[in-house]
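Visitor: Dumping the structure here so I can ask a few things about it.
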Amino acid sequence: MTVIGLPMRWTRRTFVATAVEATAALTVAPRILASPAESSREPLRQFDYADVQLTGGPFAQQYDALHAHYLALSNDRLLKVYRQRAGLPAPGRDMGGWYDIDGFVPGHSLGQYISGLARFGASTGDAACHQKVHDLVEDFAATLGPENQSILRPQTNLWICYTLDKHFAGLIDAATLSSMPAARDILSRVLAGAQPLLPARGHDRIGKKDPPYDETYVMPENLFTAAALTGNPAFSDLAHRYLLDRELFDPLARGADPFPGQHAYSHAIALSSAARAWLVLGDPKYKQAIHQAFDFLTTQQQFASGGWGPNETFVTPHRGELYNSLSTTVDHFETPCGAYAATKLARYLIRFTPAPADTRHADNLERVLFNTVLAVKPPDSDGDYPYYSTYSPATTKVFYPKKWPCCSGTLAQTVADYPLNLYFQSDDGLYVNLYTPSRLRFNYAGTPTELKQETRYPAEDNITLTLRPASPAAFAVYLRIPGWLTQSATVRLNGNALSIAASPGTYATLRRTWRAGDRIDLTLPQPFRTEAIDELHPETVALMRGSVQYVALNPTPELNQQRLALPAGLKPAGPQIFTENYSGNEIIFIPLHRVRNETYTSYFSKA
Ligand SMILES: [Zn+2]
């Protein structure tokens, strides 16, 4: 496949140079799109993917494995159903599951795989990712046909908006991250082709037997971005049309709770559209709505893992429904999709919260990352993916029974977004938000600076940050001191203890002129605690250590009848391994994210 205007294979150096030129010429990077008004709505800003690399630890391990996994997917198989619809030669095996021409939603996740590959490529510099993005986008464009409809033809697909939104995501990321300006024109062609099929107004998701069964309200986030990228006003018209104001954002902004009984993931991901609406439109109701949503989700809907929505449905609070779900279903959290929604919401809220920031959005982000998406069963190589997490007693991690589900697309995007969660920047400095081995390159007041983070956290409590500005540079470094801390964090600078405020739930501030080799040592003692499943069942608890949920490994059948002295009876037995004796049996507790094929139990009766 020839990539027009670009070399067939790039070295990292040529790719970066090309990308920089393309970005400068097109001003397409998401951060560069922000108008001055938008910037004022965003006191903290994300770094670009290319600024952050994961260099070790559990997140990097999963990230590297999935980078390789998505890179290895067969282009012919991914494109087969598109080519079939277009009447083109369609080599390759059928995908199976949701994806085929007679599947649940044919070809639905192609755009998400393209998006994930562009994001992996942007952070790692892997030219093979960008090449695959180019190839997939070009071959997708070749299936558009004279009507520009590609796979989105009324006779094959009732989920027009659901699939279209993913096409937009892939094309936006191809244009902004994989240096493919042609993707902007394809965006407009795809929209033009879909226009005759789109609902005249937005609607809330309604029953499958009551069409149109679709999710218009997931689209505005990408529509606003596509509008800025293409200058095509048709995108902003649609973004306005499909904002779910009446059913979701207006009630939230008033402090009312619209969640009970709603489909969980699609309404949670719609909050990203409200966040984007705040940035673009500046109407404060959207910011109020997502703040209120975060409060409802984290205080009334959430399991200890950070997941929500048993049977994909938000519960009615104060009725013990989370507790009841432990015995009535095994489908407790639609994990890759839900984690995508929860991590994006948390990042938007971190960006929108002015200093002095509290850490609750970041604390919850860390909880969701460790216990949901990091904890999923790795996909196999033929379309079997994780979907539901189960919090019932004596369970195992399983694949979804149908191949290539929705979660195969969001898994790529969520994990490829890991680098975005680690660091944020403000006008006066740098926020260190997540503790995991990594490298950040940033520019503060014109001084190129590298920050290296080394740690075995959460297996150990110590984190070391080494700064290397090209020349001495004055800025603040803000360290997240998580809200779950019960003893003081300690902060050392170049070996000397600092007497700075490091209270739980705040960011500790180190403001000075930094010199190459300056070293910060942070210690975060991670205590155990228990968290009740809901307020009607205070005796049914999960075991938490800092942000990490611990579960009982290979539980005996009697464990459920036992009352455990948690966390008082725990004894250390190895790195991130603790034991408790009861009735002559030893229970082993390890982090949920370290469980592989073993049986485990997540909730316990507390003595
Ligand atoms: Zn899903």
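Chain labels follow the order of the structure tokens: the first chain is A, the next B, and so on; residue numbering restarts at 1 in every chain, and ligands are counted from 1 in their shown order.
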Show me which residues sit within 8 Å of ligand 1 when counting only C-alpha atoms and all ligand atoms, and put them as a list in words.
Guide: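 So, counting only C-alpha atoms and all ligand atoms, the residues near ligand 1 are Tyr265, Glu334, Thr335, Pro336, Cys337, Gly338, Tyr387, Pro405, Cys406, Cys407, Ser408, Gly409 and Thr410 of chain A.
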Visitor: Run DSSP on the backbone and tell me which residues of region 276-495 of chain A come out as helix (DSSP H, G or I); list them as JSON, numbers by chain.
Guide: {"A": [276, 277, 278, 279, 280, 281, 284, 285, 286, 287, 288, 289, 290, 291, 292, 293, 294, 295, 296, 297, 298, 299, 300, 301, 310, 311, 312, 321, 322, 323, 324, 325, 326, 327, 328, 335, 336, 337, 338, 339, 340, 341, 342, 343, 344, 345, 346, 347, 348, 349, 350, 351, 352, 360, 361, 362, 363, 364, 365, 366, 367, 368, 369, 370, 371, 372, 373, 406, 407, 408, 409, 410, 411, 412, 413, 414, 415, 416, 418, 419, 420, 421]}
Visitor: Could the residues in this selection be saved with C-alpha atoms as a PDB file, in the first residue's frame?
Guide:
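Written out: again07.pdb:
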```pdb
ATOM      1  CA  ARG A 276     -16.447  18.815  25.121  1.00  0.00           C
ATOM      2  CA  ALA A 277     -19.544  21.059  25.010  1.00  0.00           C
ATOM      3  CA  TRP A 278     -18.222  23.003  28.024  1.00  0.00           C
ATOM      4  CA  LEU A 279     -14.882  23.518  26.261  1.00  0.00           C
ATOM      5  CA  VAL A 280     -16.402  24.548  22.932  1.00  0.00           C
ATOM      6  CA  LEU A 281     -19.615  26.339  23.926  1.00  0.00           C
ATOM      7  CA  PRO A 284     -21.409  26.235  32.500  1.00  0.00           C
ATOM      8  CA  LYS A 285     -24.337  23.822  32.740  1.00  0.00           C
ATOM      9  CA  TYR A 286     -22.211  21.211  30.991  1.00  0.00           C
ATOM     10  CA  LYS A 287     -19.422  21.561  33.538  1.00  0.00           C
ATOM     11  CA  GLN A 288     -21.933  21.420  36.400  1.00  0.00           C
ATOM     12  CA  ALA A 289     -23.491  18.335  34.814  1.00  0.00           C
ATOM     13  CA  ILE A 290     -20.282  16.334  34.682  1.00  0.00           C
ATOM     14  CA  HIS A 291     -19.238  17.336  38.205  1.00  0.00           C
ATOM     15  CA  GLN A 292     -22.636  16.197  39.478  1.00  0.00           C
ATOM     16  CA  ALA A 293     -22.420  13.015  37.414  1.00  0.00           C
ATOM     17  CA  PHE A 294     -19.043  12.196  38.948  1.00  0.00           C
ATOM     18  CA  ASP A 295     -20.535  12.606  42.436  1.00  0.00           C
ATOM     19  CA  PHE A 296     -23.481  10.332  41.657  1.00  0.00           C
ATOM     20  CA  LEU A 297     -21.333   7.697  39.977  1.00  0.00           C
ATOM     21  CA  THR A 298     -18.713   7.553  42.719  1.00  0.00           C
ATOM     22  CA  THR A 299     -21.034   7.743  45.739  1.00  0.00           C
ATOM     23  CA  GLN A 300     -24.137   5.823  44.584  1.00  0.00           C
ATOM     24  CA  GLN A 301     -23.273   3.590  41.632  1.00  0.00           C
ATOM     25  CA  PRO A 310     -24.693  -4.384  36.920  1.00  0.00           C
ATOM     26  CA  ASN A 311     -26.376  -5.844  33.830  1.00  0.00           C
ATOM     27  CA  GLU A 312     -25.256  -2.641  32.070  1.00  0.00           C
ATOM     28  CA  GLU A 321     -29.205  -2.992  44.594  1.00  0.00           C
ATOM     29  CA  LEU A 322     -25.414  -3.260  44.347  1.00  0.00           C
ATOM     30  CA  TYR A 323     -25.479  -5.828  47.154  1.00  0.00           C
ATOM     31  CA  ASN A 324     -28.362  -7.706  45.531  1.00  0.00           C
ATOM     32  CA  SER A 325     -26.498  -7.839  42.233  1.00  0.00           C
ATOM     33  CA  LEU A 326     -23.785 -10.003  43.839  1.00  0.00           C
ATOM     34  CA  SER A 327     -26.220 -12.928  43.880  1.00  0.00           C
ATOM     35  CA  THR A 328     -28.435 -12.130  40.876  1.00  0.00           C
ATOM     36  CA  THR A 335     -15.200  -3.197  31.770  1.00  0.00           C
ATOM     37  CA  PRO A 336     -13.245  -1.914  28.757  1.00  0.00           C
ATOM     38  CA  CYS A 337     -16.131   0.297  27.617  1.00  0.00           C
ATOM     39  CA  GLY A 338     -16.990   1.498  31.115  1.00  0.00           C
ATOM     40  CA  ALA A 339     -13.343   2.159  31.937  1.00  0.00           C
ATOM     41  CA  TYR A 340     -13.034   4.201  28.743  1.00  0.00           C
ATOM     42  CA  ALA A 341     -15.943   6.376  29.877  1.00  0.00           C
ATOM     43  CA  ALA A 342     -14.739   6.646  33.490  1.00  0.00           C
ATOM     44  CA  THR A 343     -11.124   7.483  32.637  1.00  0.00           C
ATOM     45  CA  LYS A 344     -12.099  10.117  30.085  1.00  0.00           C
ATOM     46  CA  LEU A 345     -14.547  11.699  32.536  1.00  0.00           C
ATOM     47  CA  ALA A 346     -11.879  11.803  35.243  1.00  0.00           C
ATOM     48  CA  ARG A 347      -9.345  13.410  32.900  1.00  0.00           C
ATOM     49  CA  TYR A 348     -11.816  16.070  31.787  1.00  0.00           C
ATOM     50  CA  LEU A 349     -12.625  16.865  35.427  1.00  0.00           C
ATOM     51  CA  ILE A 350      -8.937  17.063  36.331  1.00  0.00           C
ATOM     52  CA  ARG A 351      -8.498  19.526  33.451  1.00  0.00           C
ATOM     53  CA  PHE A 352     -11.481  21.641  34.482  1.00  0.00           C
ATOM     54  CA  ARG A 360     -10.622  13.036  44.120  1.00  0.00           C
ATOM     55  CA  HIS A 361     -10.939  12.846  40.325  1.00  0.00           C
ATOM     56  CA  ALA A 362      -7.386  11.575  40.048  1.00  0.00           C
ATOM     57  CA  ASP A 363      -7.841   9.169  42.975  1.00  0.00           C
ATOM     58  CA  ASN A 364     -10.860   7.656  41.279  1.00  0.00           C
ATOM     59  CA  LEU A 365      -9.024   7.518  37.973  1.00  0.00           C
ATOM     60  CA  GLU A 366      -6.313   5.455  39.654  1.00  0.00           C
ATOM     61  CA  ARG A 367      -8.909   3.169  41.276  1.00  0.00           C
ATOM     62  CA  VAL A 368     -10.591   2.530  37.914  1.00  0.00           C
ATOM     63  CA  LEU A 369      -7.284   1.919  36.135  1.00  0.00           C
ATOM     64  CA  PHE A 370      -5.880  -0.596  38.619  1.00  0.00           C
ATOM     65  CA  ASN A 371      -9.025  -2.603  39.327  1.00  0.00           C
ATOM     66  CA  THR A 372     -10.970  -2.608  36.069  1.00  0.00           C
ATOM     67  CA  VAL A 373      -9.082  -2.244  32.791  1.00  0.00           C
ATOM     68  CA  CYS A 406     -17.778  -3.444  21.642  1.00  0.00           C
ATOM     69  CA  CYS A 407     -15.154  -3.912  24.353  1.00  0.00           C
ATOM     70  CA  SER A 408     -12.585  -5.019  21.753  1.00  0.00           C
ATOM     71  CA  GLY A 409     -12.651  -1.451  20.440  1.00  0.00           C
ATOM     72  CA  THR A 410     -12.640   0.449  23.728  1.00  0.00           C
ATOM     73  CA  LEU A 411      -9.889  -1.812  25.120  1.00  0.00           C
ATOM     74  CA  ALA A 412      -7.552  -0.506  22.400  1.00  0.00           C
ATOM     75  CA  GLN A 413      -8.469   3.118  23.083  1.00  0.00           C
ATOM     76  CA  THR A 414      -8.459   2.948  26.893  1.00  0.00           C
ATOM     77  CA  VAL A 415      -5.063   1.277  27.134  1.00  0.00           C
ATOM     78  CA  ALA A 416      -3.546   3.415  24.365  1.00  0.00           C
ATOM     79  CA  TYR A 418      -2.657   5.306  29.543  1.00  0.00           C
ATOM     80  CA  PRO A 419       0.107   7.885  28.907  1.00  0.00           C
ATOM     81  CA  LEU A 420      -2.463  10.710  29.126  1.00  0.00           C
ATOM     82  CA  ASN A 421      -3.350   9.829  32.726  1.00  0.00           C
TER      83      ASN A 421
END
```
Visitor: When you count only C-alpha atoms, which of these residues is closest to Thr455 (chain A): A:Ala65, A:Leu524, A:Leu252, A:Leu498?
Guide: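 Among the listed residues, the smallest separation from Thr455 (chain A) belongs to A:Leu524.
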Visitor: Mind checking which residues fall within 8 Å of region 137-140 of chain A, counting only C-alpha atoms, ignoring those fewer than 4 positions away in the same chain, and posting them as number ranges by chain?
Guide: A: 79, 82, 114, 133, 144, 150, 171, 174, 183
Visitor: Pick the closest to Ala394 (chain A) from A:Ala169, A:Ala122, A:Leu559, A:Asn443: which is it, counting only C-alpha atoms?
Guide: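 Looking only at the distances to Ala394 (chain A), the closest residue turns out to be A:Leu559.
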Visitor: With a distance cut-off of 7 Å and only C-alpha atoms, select the neighbouring residues of Ser426 (chain A), excluding the residue or stretch itself and same-chain residues fewer than 3 positions from it, and output the selection as an NGL selection string.
Guide: :A and (43-45 or 429-430)
Visitor: Which residues, written as a VMD selection string, have at least one atom at most 8 Å from Phe578 (chain A), with only C-alpha atoms counted and residues fewer than 4 positions away on the same chain left out?
Guide: chain A and resid 570 to 574 588 to 590
Visitor: Please measure the separation of CA of Gln149 (chain A) and CA of Leu198 (chain A), giving the value in Å to one decimal.
Guide: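 Atom-to-atom, CA of Gln149 (chain A) and CA of Leu198 (chain A) are spaced 11.8 Å apart.
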Visitor: Could you state the separation of CA of Ala239 (chain A) and CA of Pro146 (chain A) in Å, given to one decimal place?
Guide: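 Interatomic distance here is 25.3 Å.
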Visitor: Rank A:Gly495, A:Pro567, A:Pro379, A:Pro591 by their smallest atom-to-atom distance to Gln62 (chain A), using only C-alpha atoms, and report the top residue only.
Guide: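 So, comparing all the options, the nearest one is A:Pro379.
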Visitor: With only C-alpha atoms as the basis for distance, which of A:Gly261, A:Trp98, A:Asp204, A:Phe528 is at the shortest distance from Asp384 (chain A)?
Guide: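 Going through A:Gly261, A:Trp98, A:Asp204, A:Phe528 one by one, the smallest distance to Asp384 (chain A) is for A:Trp98.
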Visitor: Restricting the calculation to only C-alpha atoms: of A:Ser381, A:Gln112, A:Gln487, A:Ser188, which residue gets closest to Ala141 (chain A)?
Guide: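 Closest candidate: A:Ser188.
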Visitor: For CA of Gln195 (chain A) and CA of Arg153 (chain A), quote the distance in Å rounded to one decimal.
Guide: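 Here the two named atoms are 11.3 Å from each other.
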